[in-house]
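Novice: Before I ask anything, let me first share the structure, which is written out below as structure tokens.
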Amino acid sequence: MRMSRLFGRTLREAPADAETTSHQLLLRAGFIDQLMAGAYSYMPLGHRTKLKVEQIVREEMGAAGAQEVLLPAIHPVELWEQSGRVESMGSVLFTLRDKRDRRLVLGPTHEEVITRLFTDHTSSYRDVPVTLYQIQTKFRDEARPRGGLVRVREFTMKDAYSFDLDESGLDASYQAMFEAYGRIFTRCGVPTVPVEADSGAIGGKGSQEFIYINETGEDVVALCDGCGYAANTEKAAFVRPPALAADALPMEEIHTPGAQTIDELATFLDVEERQTAKAVFYMAEGGGEADEPIFAVVRGDLQINEVKLSNTLGGRSLRAMTDGEVDDFGLTAGAASPVGLGDRMKVIADVSVEGSPNLVAGANRPDYHLVNTNLGRDWTATEVADIALAEDGHRCGSCEAGTIRLHRGIEMGHVFRLGQIYSEAFETDVLGPDGTGVVPTMGCYGIGVDRIVAAAVEAGHDDDGITWPASIAPYDVAIVALRLDRDEDVAADAEALYGELRAAGLEVLFDDRIESPGVKFNDADLIGLPLRLTVSQRNHAQDAVELRRRDNGATELVPRGEIVERVQALRAEALAALAEAADRVNDGR
RNA sequence: CGGGGAGUGGCGUAGCUUGGUAGCGCACCUGACUGGGGGUCAGGAGGUCGCCGGUUCAAAUCCGGCCUCCCCGACCA
């Protein structure tokens, strides 16, 4: 491609709206353009990179035995009613009506469609296992798009779905996808950590996320520095800091004027936070039925983990209780107590409360608290469960020896053991060898293609611009020709080189613009192709071309006759290094 | 949805407090010089100042309403 003809222009300054590095650089280098919140156009350079990411995904999916399909983006709403996800996806569903007033959904994901497709085209156990995947535009009416390409409302996702006869089949299909994921991200130059994850509204029995650790990410993951345990904080198991050992003392009501928060209470009474009990009230939203009040209790030094709490309640979604509801249920904010609550509502206590004697709790009247409350003696919980949030510095819940460190990260991919949720909802079955019907067990596996593009920039850039990995750079090599309007020899040589490289199968971005050297070099650095060739009078006089690596700045003067070979060698070397890393990434995982 | 910030040529911004000709840098066009790290000079083109309404002789500026975008949170296979 001749840069003089390339659509899109580089910017010296990043648009003020762009906050993250990847967003700024992709805008400045002319890869993407924002149309509205959460919707971006890909310009030629960006589109080329995205296509390369997709190609890598295709290669690895194929190698893992998955078959590519393409499913509709518009779905009849009935399909979503059948699975029950009109409710559970709720406000993120984009909906519309056609001219006959049929209600349609813009697909945010495709479990429903793929399950229907499978059901209609499969009837025998001989047809499974099968894994189907597609690369599609998905639509989600996100409450808050953010971070450039990281969270958008229209995006490209690779989603794969496996169908197996039984659990062991699912295990194999899941493992194949898991390994393919590690290879895909590695080949794209994005380091990821697989972490245990909550399965969320999609349901299922276990899932893992592939997280790219990065400060701009919206997920928080817990990594153990001892055993390598890695989990999303939504899920992370940890050991509670020990309680202060003591015999149970008599409960007593005391005056605590102005002490509303745990911090104020602990300060006022001169006790540690772990000697208090924290109460938080929620409403559990029930399908069709009235919302149910939930009284959650954790020890004062911990936070409620709403995802864990929701799972304890069978996955029902939670919302904070309104002030009116707090009054209606006779609770006292700032001094609420599980003591005396009786069976007026469900009380869910964290396991931290169970082993902690003599906690300070509310007295259920303003400015009074109860000291020395003890679970079991003074009050009872409907259920004692793990409903607290792991924090940095906590002991690891897996090895019970290491320390948990919290990191922010971007979710690049997510693999789920779905089970039979969708196959049951769509009455899918295949005949087994013995002639009886078997409901297939499913897995689903997603990758955010746009996120790979963004994360690759986060992972590969310097002060001058992007440093693309060879695997997904929009072109393999840049030719910067200096003074080509003044020097016919240089111009002719650059032109010839452009032809030779392309004839050798290389993808070339030829900067043939009439610009000063500084502009050209800076643009080349910003766009970030792995290799740069400088054709100039100086080099031409030596019958050579300067070759510079974008990643480490190493330069070499290559004899003109060897340049194509040298470029090919460096490119092959870079790709081989990525492939080799991909071969190793699943060792020990 | 709650909190915060911002809308002025393609990008970055000044002007707004105290109403009176819309300014600067980059980018863009023409010419000259220069040219191995965003060069210099000269001359140009391009803006309903987010939208609607109000106040006023006069509104980018003051007042009211709305819209949009960004950040934090809530939410999120």
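Naming scheme: A, B, ... for chains in displayed order of the structure tokens; residues 1 onward per chain; ligands 1 onward as shown.
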Residues of chain A no more than 7 Å from chain B, counting only C-alpha atoms (C1' of nucleotides): send them over as a PDB file with all heavy atoms, in the first residue's frame.
Specialist:
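Output contents, as saved in result12.pdb:
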ATOM      1  N   LEU A  11      -2.510  11.559  13.802  1.00  0.00           N
ATOM      2  CA  LEU A  11      -2.729  12.775  14.588  1.00  0.00           C
ATOM      3  C   LEU A  11      -1.547  12.991  15.515  1.00  0.00           C
ATOM      4  O   LEU A  11      -1.019  12.052  16.098  1.00  0.00           O
ATOM      5  CB  LEU A  11      -3.990  12.632  15.454  1.00  0.00           C
ATOM      6  CG  LEU A  11      -5.320  12.485  14.741  1.00  0.00           C
ATOM      7  CD1 LEU A  11      -6.419  12.223  15.752  1.00  0.00           C
ATOM      8  CD2 LEU A  11      -5.624  13.731  13.936  1.00  0.00           C
ATOM      9  N   ARG A  12      -1.165  14.249  15.638  1.00  0.00           N
ATOM     10  CA  ARG A  12      -0.057  14.519  16.544  1.00  0.00           C
ATOM     11  C   ARG A  12      -0.540  14.471  17.997  1.00  0.00           C
ATOM     12  O   ARG A  12       0.173  14.037  18.882  1.00  0.00           O
ATOM     13  CB  ARG A  12       0.554  15.875  16.240  1.00  0.00           C
ATOM     14  CG  ARG A  12       1.863  16.074  16.961  1.00  0.00           C
ATOM     15  CD  ARG A  12       2.553  17.344  16.536  1.00  0.00           C
ATOM     16  NE  ARG A  12       2.921  17.328  15.125  1.00  0.00           N
ATOM     17  CZ  ARG A  12       3.852  18.139  14.614  1.00  0.00           C
ATOM     18  NH1 ARG A  12       4.486  18.984  15.383  1.00  0.00           N
ATOM     19  NH2 ARG A  12       4.121  18.105  13.340  1.00  0.00           N
ATOM     20  N   GLU A  13      -1.763  14.916  18.195  1.00  0.00           N
ATOM     21  CA  GLU A  13      -2.303  14.884  19.564  1.00  0.00           C
ATOM     22  C   GLU A  13      -3.512  13.958  19.611  1.00  0.00           C
ATOM     23  O   GLU A  13      -4.304  13.920  18.673  1.00  0.00           O
ATOM     24  CB  GLU A  13      -2.718  16.289  20.001  1.00  0.00           C
ATOM     25  CG  GLU A  13      -1.533  17.214  20.164  1.00  0.00           C
ATOM     26  CD  GLU A  13      -1.954  18.623  20.522  1.00  0.00           C
ATOM     27  OE1 GLU A  13      -2.365  19.365  19.631  1.00  0.00           O
ATOM     28  OE2 GLU A  13      -1.886  18.953  21.709  1.00  0.00           O
ATOM     29  N   PRO A  15      -7.178  12.710  20.674  1.00  0.00           N
ATOM     30  CA  PRO A  15      -8.438  13.325  21.068  1.00  0.00           C
ATOM     31  C   PRO A  15      -8.614  13.280  22.585  1.00  0.00           C
ATOM     32  O   PRO A  15      -8.229  12.297  23.221  1.00  0.00           O
ATOM     33  CB  PRO A  15      -9.483  12.461  20.366  1.00  0.00           C
ATOM     34  CG  PRO A  15      -8.770  11.933  19.159  1.00  0.00           C
ATOM     35  CD  PRO A  15      -7.349  11.728  19.614  1.00  0.00           C
ATOM     36  N   ASP A  17     -11.018  12.777  24.457  1.00  0.00           N
ATOM     37  CA  ASP A  17     -11.905  11.748  24.992  1.00  0.00           C
ATOM     38  C   ASP A  17     -11.173  10.448  25.283  1.00  0.00           C
ATOM     39  O   ASP A  17     -11.673   9.617  26.024  1.00  0.00           O
ATOM     40  CB  ASP A  17     -13.032  11.443  23.988  1.00  0.00           C
ATOM     41  CG  ASP A  17     -14.100  12.516  24.042  1.00  0.00           C
ATOM     42  OD1 ASP A  17     -14.077  13.327  24.982  1.00  0.00           O
ATOM     43  OD2 ASP A  17     -14.946  12.538  23.135  1.00  0.00           O
ATOM     44  N   ALA A 143     -24.541  -0.542  29.788  1.00  0.00           N
ATOM     45  CA  ALA A 143     -24.868   0.659  30.548  1.00  0.00           C
ATOM     46  C   ALA A 143     -23.776   1.706  30.390  1.00  0.00           C
ATOM     47  O   ALA A 143     -24.046   2.894  30.280  1.00  0.00           O
ATOM     48  CB  ALA A 143     -25.047   0.319  32.019  1.00  0.00           C
ATOM     49  N   GLY A 200     -21.886 -16.568  36.240  1.00  0.00           N
ATOM     50  CA  GLY A 200     -22.812 -15.487  35.945  1.00  0.00           C
ATOM     51  C   GLY A 200     -24.172 -15.954  35.485  1.00  0.00           C
ATOM     52  O   GLY A 200     -24.568 -17.103  35.684  1.00  0.00           O
ATOM     53  N   ALA A 201     -24.880 -15.039  34.831  1.00  0.00           N
ATOM     54  CA  ALA A 201     -26.264 -15.282  34.445  1.00  0.00           C
ATOM     55  C   ALA A 201     -26.384 -16.394  33.418  1.00  0.00           C
ATOM     56  O   ALA A 201     -27.443 -16.962  33.228  1.00  0.00           O
ATOM     57  CB  ALA A 201     -26.884 -14.003  33.896  1.00  0.00           C
ATOM     58  N   ILE A 202     -25.263 -16.704  32.728  1.00  0.00           N
ATOM     59  CA  ILE A 202     -25.342 -17.731  31.698  1.00  0.00           C
ATOM     60  C   ILE A 202     -25.511 -19.108  32.320  1.00  0.00           C
ATOM     61  O   ILE A 202     -25.938 -20.059  31.688  1.00  0.00           O
ATOM     62  CB  ILE A 202     -24.079 -17.679  30.830  1.00  0.00           C
ATOM     63  CG1 ILE A 202     -24.304 -18.446  29.524  1.00  0.00           C
ATOM     64  CG2 ILE A 202     -22.867 -18.212  31.586  1.00  0.00           C
ATOM     65  CD1 ILE A 202     -23.233 -18.189  28.510  1.00  0.00           C
ATOM     66  N   SER A 516       8.839  15.508   5.141  1.00  0.00           N
ATOM     67  CA  SER A 516      10.183  15.575   5.699  1.00  0.00           C
ATOM     68  C   SER A 516      10.508  14.246   6.384  1.00  0.00           C
ATOM     69  O   SER A 516       9.605  13.515   6.795  1.00  0.00           O
ATOM     70  CB  SER A 516      10.286  16.719   6.697  1.00  0.00           C
ATOM     71  OG  SER A 516       9.562  16.407   7.855  1.00  0.00           O
ATOM     72  N   PRO A 517      11.784  13.941   6.501  1.00  0.00           N
ATOM     73  CA  PRO A 517      12.170  12.664   7.118  1.00  0.00           C
ATOM     74  C   PRO A 517      11.573  12.500   8.508  1.00  0.00           C
ATOM     75  O   PRO A 517      11.107  11.404   8.865  1.00  0.00           O
ATOM     76  CB  PRO A 517      13.694  12.746   7.192  1.00  0.00           C
ATOM     77  CG  PRO A 517      14.067  13.705   6.125  1.00  0.00           C
ATOM     78  CD  PRO A 517      12.950  14.696   6.038  1.00  0.00           C
ATOM     79  N   GLY A 518      11.580  13.558   9.284  1.00  0.00           N
ATOM     80  CA  GLY A 518      11.064  13.452  10.643  1.00  0.00           C
ATOM     81  C   GLY A 518       9.614  13.006  10.674  1.00  0.00           C
ATOM     82  O   GLY A 518       9.218  12.157  11.479  1.00  0.00           O
ATOM     83  N   VAL A 519       8.826  13.579   9.790  1.00  0.00           N
ATOM     84  CA  VAL A 519       7.404  13.211   9.739  1.00  0.00           C
ATOM     85  C   VAL A 519       7.263  11.735   9.401  1.00  0.00           C
ATOM     86  O   VAL A 519       6.490  11.004  10.019  1.00  0.00           O
ATOM     87  CB  VAL A 519       6.669  14.078   8.701  1.00  0.00           C
ATOM     88  CG1 VAL A 519       5.270  13.537   8.437  1.00  0.00           C
ATOM     89  CG2 VAL A 519       6.611  15.525   9.174  1.00  0.00           C
ATOM     90  N   PHE A 521       9.478   9.245   9.704  1.00  0.00           N
ATOM     91  CA  PHE A 521       9.959   8.345  10.757  1.00  0.00           C
ATOM     92  C   PHE A 521       8.985   8.304  11.931  1.00  0.00           C
ATOM     93  O   PHE A 521       8.704   7.245  12.489  1.00  0.00           O
ATOM     94  CB  PHE A 521      11.338   8.791  11.254  1.00  0.00           C
ATOM     95  CG  PHE A 521      12.448   8.527  10.277  1.00  0.00           C
ATOM     96  CD1 PHE A 521      13.447   9.470  10.075  1.00  0.00           C
ATOM     97  CD2 PHE A 521      12.497   7.347   9.557  1.00  0.00           C
ATOM     98  CE1 PHE A 521      14.479   9.228   9.175  1.00  0.00           C
ATOM     99  CE2 PHE A 521      13.525   7.103   8.644  1.00  0.00           C
ATOM    100  CZ  PHE A 521      14.511   8.047   8.453  1.00  0.00           C
ATOM    101  N   ASN A 522       8.489   9.446  12.287  1.00  0.00           N
ATOM    102  CA  ASN A 522       7.554   9.478  13.413  1.00  0.00           C
ATOM    103  C   ASN A 522       6.251   8.748  13.111  1.00  0.00           C
ATOM    104  O   ASN A 522       5.714   8.055  13.967  1.00  0.00           O
ATOM    105  CB  ASN A 522       7.283  10.917  13.838  1.00  0.00           C
ATOM    106  CG  ASN A 522       8.386  11.457  14.725  1.00  0.00           C
ATOM    107  OD1 ASN A 522       8.663  10.914  15.788  1.00  0.00           O
ATOM    108  ND2 ASN A 522       9.060  12.494  14.285  1.00  0.00           N
TER     109      ASN A 522
END
Novice: Which residues, written as a list in words, have at least one atom at most 12 Å from A:Asp327, with only C-alpha atoms (C1' of nucleotides) counted and residues fewer than 6 positions away on the same chain left out?
Specialist: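 Close residues of A:Asp327: Phe281, Met321, Ala333, Ala336, Asn364 and Arg365 of chain A.
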Novice: Pick out the residues sitting within 12 Å of A:Glu272, and hand them over as a list of chain:residue names; count only C-alpha atoms (C1' of nucleotides), and ignore anything fewer than 6 positions along from it in its own chain.
Specialist: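 Listing them by chain and then by number gives A:Ala243, A:Leu244, A:Ile262, A:Asp263, A:Glu264, A:Leu265, A:Ala266, A:Arg299, A:Gly300, A:Asp301, A:Leu302, A:Asn358, A:Leu359, A:Val360.
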Novice: Pick out the closest residue to B:C72 from this set: A:His414, A:Arg584, A:Arg144, A:His47. Count only C-alpha atoms (C1' of nucleotides).
Specialist: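 Answer, going by the shortest atom-to-atom distance: A:Arg144.
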Novice: Residues of stretch 80-195 of chain A in alpha helix (DSSP H) according to DSSP, as a count of residues only?
Specialist: 41
Novice: Would you mind telling me which residue in A:Asp551, A:Asp166, A:Glu234, A:Glu400 lies nearest to A:Gly443 when using only C-alpha atoms?
Specialist: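 Of all the options, A:Asp166 lies closest to A:Gly443.
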Novice: As an exercise, work out the distance from atom CA of A:Ala492 to atom CA of A:Pro474 in Å and give it to one decimal place.
Specialist: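 Separation between atom CA of A:Ala492 and atom CA of A:Pro474: 24.8 Å.
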Novice: So how many Å separate atom C1' of B:U48 and atom CA of A:Gln34, to one decimal?
Specialist: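 Atom C1' of B:U48 sits 23.0 Å away from atom CA of A:Gln34.
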Novice: Run DSSP on the backbone and tell me which residues of stretch 307-379 of chain A come out as strand (DSSP E or B); list them as a list of chain:residue names.
Specialist: A:Ser317, A:Leu318, A:Arg319, A:Ala320, A:Lys346, A:Val347, A:Ile348, A:Ala349, A:Asp350, A:Leu359, A:Val360, A:Ala361, A:Gly362, A:Ala363, A:Asn364, A:Arg365, A:Tyr368, A:His369, A:Leu370, A:Val371, A:Asn372, A:Thr373, A:Leu375, A:Trp379
Novice: Emit the selected residues as a short mmCIF file (atom, residue, chain, number, x, y, z; two decimals), in the first residue's frame, including N, CA, C and O atoms.
Specialist:
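Below is the file that was written, out_19.cif:
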data_model
loop_
_atom_site.label_atom_id
_atom_site.label_comp_id
_atom_site.auth_asym_id
_atom_site.auth_seq_id
_atom_site.Cartn_x
_atom_site.Cartn_y
_atom_site.Cartn_z
N SER A 317 -30.74 -12.19 41.18
CA SER A 317 -30.03 -10.92 41.15
C SER A 317 -30.44 -10.08 42.35
O SER A 317 -31.55 -10.18 42.88
N LEU A 318 -29.49 -9.25 42.77
CA LEU A 318 -29.68 -8.47 43.99
C LEU A 318 -29.70 -7.00 43.66
O LEU A 318 -29.05 -6.54 42.74
N ARG A 319 -30.43 -6.27 44.45
CA ARG A 319 -30.32 -4.82 44.39
C ARG A 319 -30.33 -4.30 45.81
O ARG A 319 -30.79 -4.98 46.74
N ALA A 320 -29.77 -3.12 45.98
CA ALA A 320 -29.76 -2.53 47.31
C ALA A 320 -31.20 -2.23 47.73
O ALA A 320 -32.05 -1.87 46.91
N LYS A 346 -34.63 -13.63 55.36
CA LYS A 346 -33.47 -14.50 55.26
C LYS A 346 -32.24 -13.78 55.78
O LYS A 346 -31.98 -12.63 55.43
N VAL A 347 -31.48 -14.46 56.62
CA VAL A 347 -30.23 -13.91 57.11
C VAL A 347 -29.10 -14.79 56.58
O VAL A 347 -29.05 -15.98 56.86
N ILE A 348 -28.23 -14.20 55.77
CA ILE A 348 -27.08 -14.94 55.25
C ILE A 348 -25.84 -14.39 55.92
O ILE A 348 -25.54 -13.20 55.82
N ALA A 349 -25.12 -15.26 56.63
CA ALA A 349 -23.93 -14.83 57.34
C ALA A 349 -22.69 -15.40 56.67
O ALA A 349 -22.69 -16.54 56.20
N ASP A 350 -21.66 -14.58 56.62
CA ASP A 350 -20.39 -15.07 56.08
C ASP A 350 -19.74 -15.99 57.11
O ASP A 350 -19.93 -15.83 58.32
N LEU A 359 -18.88 -10.13 68.80
CA LEU A 359 -18.88 -9.05 67.81
C LEU A 359 -19.82 -7.93 68.23
O LEU A 359 -20.85 -8.17 68.88
N VAL A 360 -19.45 -6.73 67.86
CA VAL A 360 -20.34 -5.59 68.07
C VAL A 360 -21.32 -5.54 66.91
O VAL A 360 -20.90 -5.48 65.75
N ALA A 361 -22.60 -5.55 67.20
CA ALA A 361 -23.62 -5.47 66.16
C ALA A 361 -24.58 -4.34 66.50
O ALA A 361 -24.55 -3.80 67.61
N GLY A 362 -25.42 -3.99 65.56
CA GLY A 362 -26.40 -2.95 65.81
C GLY A 362 -27.42 -3.40 66.84
O GLY A 362 -27.59 -4.59 67.10
N ALA A 363 -28.12 -2.42 67.39
CA ALA A 363 -29.17 -2.74 68.37
C ALA A 363 -30.55 -2.52 67.79
O ALA A 363 -31.55 -2.61 68.49
N ASN A 364 -30.54 -2.19 66.47
CA ASN A 364 -31.81 -1.92 65.80
C ASN A 364 -32.55 -0.71 66.36
O ASN A 364 -33.77 -0.64 66.31
N ARG A 365 -31.83 0.17 66.98
CA ARG A 365 -32.39 1.48 67.25
C ARG A 365 -31.25 2.49 67.15
O ARG A 365 -30.11 2.18 67.45
N TYR A 368 -27.54 3.08 69.15
CA TYR A 368 -27.27 2.02 70.13
C TYR A 368 -26.72 0.79 69.42
O TYR A 368 -27.13 0.47 68.29
N HIS A 369 -25.76 0.14 70.03
CA HIS A 369 -25.22 -1.11 69.49
C HIS A 369 -25.20 -2.16 70.59
O HIS A 369 -25.32 -1.85 71.78
N LEU A 370 -25.05 -3.39 70.16
CA LEU A 370 -24.93 -4.51 71.09
C LEU A 370 -23.49 -5.00 71.06
O LEU A 370 -22.94 -5.27 69.99
N VAL A 371 -22.88 -5.10 72.22
CA VAL A 371 -21.55 -5.69 72.27
C VAL A 371 -21.69 -7.15 72.68
O VAL A 371 -22.68 -7.54 73.31
N ASN A 372 -20.67 -7.94 72.27
CA ASN A 372 -20.61 -9.35 72.62
C ASN A 372 -21.77 -10.17 72.06
O ASN A 372 -22.36 -10.99 72.76
N THR A 373 -22.10 -9.90 70.79
CA THR A 373 -23.10 -10.77 70.17
C THR A 373 -22.38 -12.00 69.63
O THR A 373 -21.23 -11.93 69.18
N LEU A 375 -23.06 -15.47 67.16
CA LEU A 375 -23.90 -16.25 66.26
C LEU A 375 -24.19 -17.60 66.91
O LEU A 375 -23.29 -18.25 67.42
N TRP A 379 -28.30 -14.99 68.01
CA TRP A 379 -29.07 -14.91 66.76
C TRP A 379 -28.70 -16.09 65.88
O TRP A 379 -27.68 -16.76 66.10
#
Novice: Using only C-alpha atoms (C1' of nucleotides), which protein or nucleic acid residues come within 12 Å of stretch 509-512 of chain A? Drop anything in the same chain fewer than 6 positions from it, and give the result as a PyMOL selection string.
Specialist: chain A and resi 1-6+44-45+473-485+490-499+501-502+519-524+527-535
